[in-house]
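Enquirer: Sharing data.pdb (PDB, C-alpha atoms) below.
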```pdb
MODEL        1
ATOM      1  CA  MET A   1     102.397 147.188 102.412
ATOM      2  CA  PRO A   2     105.650 147.994 104.271
ATOM      3  CA  THR A   3     108.889 146.287 103.298
ATOM      4  CA  ALA A   4     111.037 144.261 105.687
ATOM      5  CA  GLU A   5     113.495 147.136 106.026
ATOM      6  CA  GLU A   6     110.623 149.552 106.772
ATOM      7  CA  ARG A   7     109.224 147.145 109.371
ATOM      8  CA  LEU A   8     112.637 146.896 111.057
ATOM      9  CA  ALA A   9     112.768 150.681 111.311
ATOM     10  CA  ALA A  10     109.174 150.889 112.595
ATOM     11  CA  LEU A  11     109.980 148.265 115.248
ATOM     12  CA  GLY A  12     113.079 150.239 116.279
ATOM     13  CA  ILE A  13     115.340 147.302 115.469
ATOM     14  CA  ILE A  14     118.925 148.058 114.552
ATOM     15  CA  LEU A  15     120.769 144.979 113.381
ATOM     16  CA  SER A  16     124.300 144.578 114.686
ATOM     17  CA  GLU A  17     127.281 143.592 112.605
ATOM     18  CA  PRO A  18     127.271 139.832 112.094
ATOM     19  CA  VAL A  19     129.524 137.836 114.380
ATOM     20  CA  PRO A  20     132.075 135.832 112.366
ATOM     21  CA  GLY A  21     131.486 132.104 112.290
ATOM     22  CA  ARG A  22     133.888 129.209 112.037
ATOM     23  CA  PRO A  23     136.619 129.585 109.408
ATOM     24  CA  SER A  24     135.666 126.469 107.433
ATOM     25  CA  VAL A  25     131.951 127.385 107.150
ATOM     26  CA  VAL A  26     130.312 130.193 105.173
ATOM     27  CA  PRO A  27     127.701 132.323 106.951
ATOM     28  CA  VAL A  28     125.329 131.983 103.974
ATOM     29  CA  ALA A  29     125.402 129.446 101.152
ATOM     30  CA  ARG A  30     123.502 130.482  98.038
ATOM     31  CA  TYR A  31     122.065 128.172  95.418
ATOM     32  CA  GLY A  32     119.845 129.733  92.768
ATOM     33  CA  ASP A  33     117.142 131.662  94.553
ATOM     34  CA  LEU A  34     117.782 129.955  97.905
ATOM     35  CA  ALA A  35     119.916 131.228 100.779
ATOM     36  CA  PHE A  36     120.908 128.863 103.591
ATOM     37  CA  VAL A  37     122.002 130.740 106.726
ATOM     38  CA  SER A  38     124.395 128.757 108.938
ATOM     39  CA  SER A  39     123.394 127.941 112.481
ATOM     40  CA  ARG A  40     123.841 130.622 115.109
ATOM     41  CA  GLY A  41     123.125 131.068 118.780
ATOM     42  CA  PRO A  42     122.394 134.185 120.790
ATOM     43  CA  THR A  43     125.168 136.686 121.362
ATOM     44  CA  VAL A  44     125.165 139.383 124.004
ATOM     45  CA  ASP A  45     121.866 141.288 124.282
ATOM     46  CA  ASP A  46     121.427 145.065 124.682
ATOM     47  CA  ASP A  47     121.776 144.720 128.459
ATOM     48  CA  GLY A  48     125.104 142.915 128.139
ATOM     49  CA  ARG A  49     123.716 139.501 129.089
ATOM     50  CA  ARG A  50     125.180 136.412 127.486
ATOM     51  CA  TYR A  51     122.587 133.691 127.154
ATOM     52  CA  THR A  52     123.859 130.265 128.194
ATOM     53  CA  GLY A  53     122.528 127.234 129.972
ATOM     54  CA  ARG A  54     119.820 124.623 129.790
ATOM     55  CA  VAL A  55     116.236 125.703 129.431
ATOM     56  CA  GLY A  56     114.148 124.417 132.304
ATOM     57  CA  LEU A  57     117.188 124.266 134.589
ATOM     58  CA  ASP A  58     119.450 127.335 134.174
ATOM     59  CA  ARG A  59     117.077 129.422 132.031
ATOM     60  CA  SER A  60     113.342 129.957 132.130
ATOM     61  CA  SER A  61     111.175 129.521 129.053
ATOM     62  CA  GLU A  62     110.746 133.318 128.950
ATOM     63  CA  GLU A  63     114.522 133.909 128.975
ATOM     64  CA  ALA A  64     114.947 131.272 126.277
ATOM     65  CA  TYR A  65     112.218 132.941 124.165
ATOM     66  CA  ARG A  66     114.239 136.195 124.381
ATOM     67  CA  ALA A  67     117.398 134.266 123.448
ATOM     68  CA  ALA A  68     115.549 132.811 120.441
ATOM     69  CA  ARG A  69     114.485 136.298 119.346
ATOM     70  CA  LEU A  70     118.064 137.553 119.731
ATOM     71  CA  THR A  71     119.294 134.621 117.660
ATOM     72  CA  GLY A  72     116.739 135.533 114.993
ATOM     73  CA  LEU A  73     118.184 139.055 114.936
ATOM     74  CA  ASN A  74     121.635 137.540 114.435
ATOM     75  CA  LEU A  75     120.342 135.504 111.495
ATOM     76  CA  LEU A  76     118.775 138.620 109.965
ATOM     77  CA  ALA A  77     122.037 140.554 110.354
ATOM     78  CA  ILE A  78     123.918 137.781 108.537
ATOM     79  CA  LEU A  79     121.291 137.636 105.819
ATOM     80  CA  ARG A  80     121.303 141.412 105.311
ATOM     81  CA  ALA A  81     125.112 141.424 105.092
ATOM     82  CA  GLU A  82     124.885 138.785 102.345
ATOM     83  CA  LEU A  83     121.964 140.252 100.393
ATOM     84  CA  GLY A  84     122.441 143.980 100.970
ATOM     85  CA  SER A  85     118.780 144.315 101.992
ATOM     86  CA  LEU A  86     116.219 142.096 103.668
ATOM     87  CA  ASP A  87     113.751 143.330 101.057
ATOM     88  CA  ARG A  88     115.284 140.751  98.707
ATOM     89  CA  VAL A  89     113.768 137.919 100.774
ATOM     90  CA  THR A  90     110.697 136.608  98.970
ATOM     91  CA  ARG A  91     109.818 133.847 101.456
ATOM     92  CA  CYS A  92     111.070 132.373 104.708
ATOM     93  CA  LEU A  93     110.966 128.658 103.971
ATOM     94  CA  LYS A  94     112.430 126.691 106.869
ATOM     95  CA  VAL A  95     113.739 127.319 110.344
ATOM     96  CA  THR A  96     115.495 124.607 112.296
ATOM     97  CA  GLY A  97     115.692 125.510 115.954
ATOM     98  CA  LEU A  98     117.351 123.507 118.689
ATOM     99  CA  VAL A  99     116.705 123.930 122.403
ATOM    100  CA  ASN A 100     119.315 122.954 124.980
ATOM    101  CA  GLY A 101     116.678 121.574 127.313
ATOM    102  CA  ALA A 102     116.889 120.016 130.735
ATOM    103  CA  PRO A 103     115.601 116.442 131.007
ATOM    104  CA  GLY A 104     111.817 116.532 130.820
ATOM    105  CA  PHE A 105     111.633 119.997 129.214
ATOM    106  CA  THR A 106     109.039 119.727 126.456
ATOM    107  CA  ALA A 107     108.056 123.344 125.672
ATOM    108  CA  THR A 108     110.571 123.635 122.844
ATOM    109  CA  ALA A 109     108.033 124.990 120.351
ATOM    110  CA  ALA A 110     107.042 127.866 122.662
ATOM    111  CA  VAL A 111     110.700 128.801 123.169
ATOM    112  CA  LEU A 112     111.465 128.724 119.442
ATOM    113  CA  ASP A 113     108.497 131.000 118.779
ATOM    114  CA  GLY A 114     110.874 133.819 119.792
ATOM    115  CA  CYS A 115     112.603 133.522 116.424
ATOM    116  CA  SER A 116     109.505 132.595 114.422
ATOM    117  CA  ASP A 117     107.497 135.514 115.827
ATOM    118  CA  LEU A 118     110.333 137.883 114.910
ATOM    119  CA  LEU A 119     110.404 136.660 111.300
ATOM    120  CA  VAL A 120     106.653 137.264 110.974
ATOM    121  CA  GLU A 121     107.010 140.749 112.528
ATOM    122  CA  VAL A 122     109.811 141.715 110.137
ATOM    123  CA  PHE A 123     108.594 140.104 106.911
ATOM    124  CA  GLY A 124     104.836 140.002 107.500
ATOM    125  CA  PRO A 125     102.827 136.764 107.582
ATOM    126  CA  GLU A 126     102.886 136.022 103.843
ATOM    127  CA  ILE A 127     106.687 136.051 103.643
ATOM    128  CA  GLY A 128     107.644 135.403 107.274
ATOM    129  CA  ARG A 129     105.630 132.278 108.131
ATOM    130  CA  HIS A 130     107.690 129.158 107.587
ATOM    131  CA  ALA A 131     108.059 125.445 108.183
ATOM    132  CA  ARG A 132     109.989 124.604 111.348
ATOM    133  CA  THR A 133     111.750 121.805 113.165
ATOM    134  CA  ALA A 134     111.862 122.245 116.962
ATOM    135  CA  PRO A 135     113.650 119.451 118.856
ATOM    136  CA  GLY A 136     115.214 119.548 122.281
ATOM    137  CA  VAL A 137     118.837 118.433 122.531
ATOM    138  CA  ALA A 138     121.205 117.482 125.345
ATOM    139  CA  GLU A 139     123.816 120.185 124.602
ATOM    140  CA  LEU A 140     124.631 122.997 122.174
ATOM    141  CA  PRO A 141     127.933 124.671 121.277
ATOM    142  CA  ASN A 142     129.037 127.424 123.686
ATOM    143  CA  ASP A 143     126.352 126.218 126.110
ATOM    144  CA  TYR A 144     123.775 128.213 124.129
ATOM    145  CA  PRO A 145     120.171 127.678 125.241
ATOM    146  CA  VAL A 146     119.009 127.807 121.592
ATOM    147  CA  ALA A 147     120.493 127.659 118.098
ATOM    148  CA  PHE A 148     118.885 128.230 114.703
ATOM    149  CA  ASP A 149     119.515 128.011 111.009
ATOM    150  CA  LEU A 150     117.331 129.529 108.320
ATOM    151  CA  VAL A 151     116.470 128.865 104.679
ATOM    152  CA  VAL A 152     114.922 131.663 102.617
ATOM    153  CA  ALA A 153     114.018 132.259  98.995
ATOM    154  CA  VAL A 154     115.467 135.455  97.553
ATOM    155  CA  ASN A 155     114.887 137.622  94.550
ATOM    156  CA  ALA A 156     118.174 137.035  92.740
ATOM    157  CA  ASP A 157     117.645 139.990  90.374
ATOM    158  CA  ARG A 158     117.192 142.772  92.965
ATOM    159  CA  ARG A 159     120.306 144.473  94.262
TER
ENDMDL
END
```
Would you write out, as structure tokens, the structure that this file holds?
Expert:
Amino acid sequence: MPTAEERLAALGIILSEPVPGRPSVVPVARYGDLAFVSSRGPTVDDDGRRYTGRVGLDRSSEEAYRAARLTGLNLLAILRAELGSLDRVTRCLKVTGLVNGAPGFTATAAVLDGCSDLLVEVFGPEIGRHARTAPGVAELPNDYPVAFDLVVAVNADRR
């Protein structure tokens, strides 16, 4: 069974350096075998696009799905920087995803699958499947179309 790091390589995914967050907030808070990754939105993708705007008005569901996947990559980069290796993750527990949706936009779950699908691809279904909250909201910081936070269980003994 391949590890998360092996799956990343097989998928051709190279994680970028994590983008610094707000000065008064840590990127990852650890408590015992739990790691809580602070909320992030999508940064610039490989084509230089910055994802902004309301889903269902400024962005299509497909664009928002890609933004959700990109945000998932950002979360993984932060987590790897904290843990040294994604192989230390023993279970993805909870994802909270928010969609900056236009009035009447109700396909939030399908949009947020961009991040959830990525976690299953990288960690495999036994570790990557997780509980999730998927509401639509009126606005997000930086006019992001999506934002996520992540809670994972980690093997505290592996380095």
Enquirer: Residues near Glu5 of chain A, anyone? I mean within 8 Å using all atoms listed in the file, not counting same-chain ones fewer than 4 positions away, as a count of residues only.
Expert: 5
Enquirer: Tell me which protein, DNA and RNA residues are within 8 Å of Asp149 of chain A, counting only C-alpha atoms, leaving out same-chain ones fewer than 2 positions away, and put them as a ChimeraX atom specification.
Expert: /A:36-40,75,95-97,147,151
Enquirer: Pick from A:Val19, A:Val44, A:Val111, A:Leu83: nearest to Ser60 of chain A, with all atoms listed in the file counted?
Expert: A:Val111
Enquirer: Considering only C-alpha atoms, state which residue in the set A:Leu119, A:Val55, A:Ile127, A:Leu79 is at the smallest distance from Asn100 of chain A.
Expert: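 So, comparing all the options, the nearest one is A:Val55.
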Enquirer: Determine the residue membership of the PyMOL selection byres ((chain A and resi 129) around 12) for the file above and supply it as number ranges by chain.
Expert: A: 90-95, 113, 115-128, 130-132, 151-152
Enquirer: Please tell me which residues are no farther than 10 Å from (114.1, 137.4, 121.7) in the file, counting all atoms listed in the file, and write them as number ranges by chain.
Expert: A: 42, 45, 62-73, 111-118
